[in-house]
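Notes follow once the structure below has been shown.
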Amino acid sequence: NEIWKKILANFGEKMVTYVKKYKGLKFETGSDPLVISALKEVFIDKIYRINDSPKVIIDVGATSGEFGLSLSKSVKKMYLIEPSRDYFFLLVKNVRKNNLSKKAILLPFFASKKTNKRRREISIDYLVKKEKIIVDLLKIDVEGKEIDVLKGARVTLKKYSPDILIETHSKALKERVISFLRKFNYKLIYCYDWFYRTDAFGMDLISVLYFRQKK
């Protein structure tokens, strides 16, 4: 266990050094393997591919801010939603480290179908209306709750037609997301299946999907 922690810490340090050197960004990852893995996915593997440079983004499941901050030089405003207290703490630190407090709005909520502040739940439609957001890109990675988030964004999808970048964790969920967005005239323009497991109940395939609404 101690050997694994040392290997992980060393890899994390290398990741942070790489991001700082080649992207000009400062990051703190802690020792969480998911945070380190997320940095690798965004900056090394580049699994989150988009066609344009969005000006306003909503990142649902922001973790430590790696995706939003990767676009920080081109975006004018980013709304970063992260319910985990540990990840949110890292998110705050990383936004401050990179002097992005004026550009980044941090929200410690669960994105869901409806807004329930008592349960720390917020819908995308509620957020967009309250903050008067004209969103260009909606990125979602919420560990199986993607459909709930999309159901809470119906008005936003119809009114603003943002591009959608979404990660799903099963074949069944992938098909449900494609089917749901098809109803809003969205077309799948990019799909990257990057992790298969035949022995994992309910999590047999991890995919990154990029959608754009048909004109």
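Order determines the names: the first chain of the structure tokens is A, the second B, and so forth; residues in each chain are numbered 1 upward, and ligands are numbered 1 upward as they are shown.
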
Item to check | In chain A, DSSP helix (DSSP H, G or I) residues written as a PyMOL selection string | outcome: chain A and resi 2-23+33-45+66-70+85-97+117-119+124-131+146-151+154-160+171-182

Checklist entry - DSSP says strand (DSSP E or B) for which residues of range 107-207 of chain A? Put them as number ranges by chain? => result A: 107, 110-111, 116, 121-122, 137-140, 163-168, 186-196, 205-207

Item to check | Spatial neighbours of range 139-148 of chain A, 10 Å, only C-alpha atoms, chain gap at least 4 places, as an MDAnalysis selection string | outcome: chainID A and resid 48 57:63 67:68 80:83 110:114 123 152:153 162:170 173:174 176:177 180:181 202:203 208:210

Write the residues you've just listed into a file as a short mmCIF file (atom, residue, chain, number, x, y, z; two decimals), in the first residue's frame, and include C-alpha atoms for each of them.
```
data_model
loop_
_atom_site.label_atom_id
_atom_site.label_comp_id
_atom_site.auth_asym_id
_atom_site.auth_seq_id
_atom_site.Cartn_x
_atom_site.Cartn_y
_atom_site.Cartn_z
CA TYR A 48 -12.31 15.50 -24.46
CA ILE A 57 -19.07 26.71 -20.60
CA ILE A 58 -20.90 24.80 -17.88
CA ASP A 59 -18.83 21.92 -16.51
CA VAL A 60 -20.95 19.43 -14.55
CA GLY A 61 -18.68 17.19 -12.51
CA ALA A 62 -15.70 19.51 -12.61
CA THR A 63 -13.57 17.47 -10.15
CA PHE A 67 -11.29 20.47 -18.10
CA GLY A 68 -12.50 24.00 -17.44
CA LEU A 80 -17.88 24.73 -12.59
CA ILE A 81 -20.21 22.39 -10.69
CA GLU A 82 -18.73 19.90 -8.23
CA PRO A 83 -20.65 18.36 -5.28
CA PHE A 110 -25.34 18.08 -7.50
CA ALA A 111 -26.76 18.76 -10.97
CA SER A 112 -30.13 17.06 -11.30
CA LYS A 113 -33.59 17.11 -12.90
CA LYS A 114 -34.91 19.72 -10.48
CA SER A 123 -30.88 21.95 -12.53
CA GLY A 152 -32.87 19.27 -16.08
CA ALA A 153 -31.46 21.04 -19.15
CA PRO A 162 -25.03 24.26 -26.73
CA ASP A 163 -22.56 21.65 -27.88
CA ILE A 164 -22.55 18.74 -25.44
CA LEU A 165 -19.52 16.79 -24.24
CA ILE A 166 -20.55 13.87 -22.06
CA GLU A 167 -18.91 10.84 -20.47
CA THR A 168 -20.95 7.68 -19.96
CA HIS A 169 -20.02 4.58 -17.98
CA SER A 170 -21.98 1.77 -19.67
CA LEU A 173 -26.32 4.55 -20.71
CA LYS A 174 -24.44 5.52 -23.86
CA ARG A 176 -29.89 6.19 -23.65
CA VAL A 177 -27.98 9.47 -23.94
CA PHE A 180 -32.42 11.31 -25.50
CA LEU A 181 -30.43 13.93 -27.39
CA GLY A 202 -23.34 -1.83 -14.93
CA MET A 203 -19.98 -0.33 -15.94
CA VAL A 208 -16.73 10.19 -24.31
CA LEU A 209 -19.41 11.57 -26.64
CA TYR A 210 -19.51 14.94 -28.38
#
```

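With CA of Lys103 in chain A on one side and CA of Tyr190 in chain A on the other, the separation reads 28.1 Å.
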
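Comparing the minimum interatomic distances between Phe89 in chain A and each of A:Ser64, A:Thr156, A:Ser31, A:Ser161, counting only C-alpha atoms, we find that A:Ser64 sits nearest.
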
Item to check | Who sits within 10 Å of Ile44 in chain A, only C-alpha atoms, same chain under 3 positions skipped, as a count of residues only | outcome: 9

Please identify every residue of range 99-193 of chain A that has at least one atom no farther than 9 Å from an atom of range 70-78 of chain A, counting only C-alpha atoms, and for each give the shortest atom pair and the distance in Å to one decimal, arranged by chain then increasing number, as a Markdown table.
```
| residue | atom | partner | partner_atom | distance |
| --- | --- | --- | --- | --- |
| A:Leu100 | CA | A:Ser72 | CA | 7.9 |
| A:Lys102 | CA | A:Lys77 | CA | 8.4 |
| A:Lys103 | CA | A:Lys77 | CA | 5.0 |
| A:Ala104 | CA | A:Met78 | CA | 4.9 |
| A:Ile105 | CA | A:Met78 | CA | 6.2 |
| A:Leu106 | CA | A:Met78 | CA | 8.5 |
```

Output the selection as a tab-separated table (two decimals), in the first residue's frame - N, CA, C and O atoms for each residue.
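File produced: part_33.tsv:
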```tsv
chain	number	residue	atom	x	y	z
A	100	LEU	N	-8.02	32.81	-11.70
A	100	LEU	CA	-9.22	32.74	-12.54
A	100	LEU	C	-10.51	33.00	-11.78
A	100	LEU	O	-11.59	32.67	-12.26
A	102	LYS	N	-12.21	35.62	-11.26
A	102	LYS	CA	-13.18	36.50	-11.93
A	102	LYS	C	-13.87	35.82	-13.10
A	102	LYS	O	-14.94	36.23	-13.53
A	103	LYS	N	-13.23	34.79	-13.62
A	103	LYS	CA	-13.75	34.10	-14.80
A	103	LYS	C	-14.55	32.85	-14.44
A	103	LYS	O	-15.43	32.43	-15.19
A	104	ALA	N	-14.24	32.25	-13.29
A	104	ALA	CA	-14.85	30.98	-12.91
A	104	ALA	C	-15.85	31.15	-11.77
A	104	ALA	O	-15.54	31.74	-10.73
A	105	ILE	N	-17.06	30.63	-11.98
A	105	ILE	CA	-18.10	30.60	-10.96
A	105	ILE	C	-18.15	29.17	-10.43
A	105	ILE	O	-18.40	28.23	-11.19
A	106	LEU	N	-17.92	28.99	-9.13
A	106	LEU	CA	-17.83	27.65	-8.54
A	106	LEU	C	-19.11	27.33	-7.78
A	106	LEU	O	-19.56	28.11	-6.94
```

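One distance worth recording is that between CA of Val16 in chain A and CA of Phe43 in chain A, which is 10.2 Å.
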
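In this comparison, which uses only C-alpha atoms, the residue of A:Gly24, A:Pro33, A:Pro54, A:Gly65 approaching Asp136 in chain A most closely is A:Pro54.
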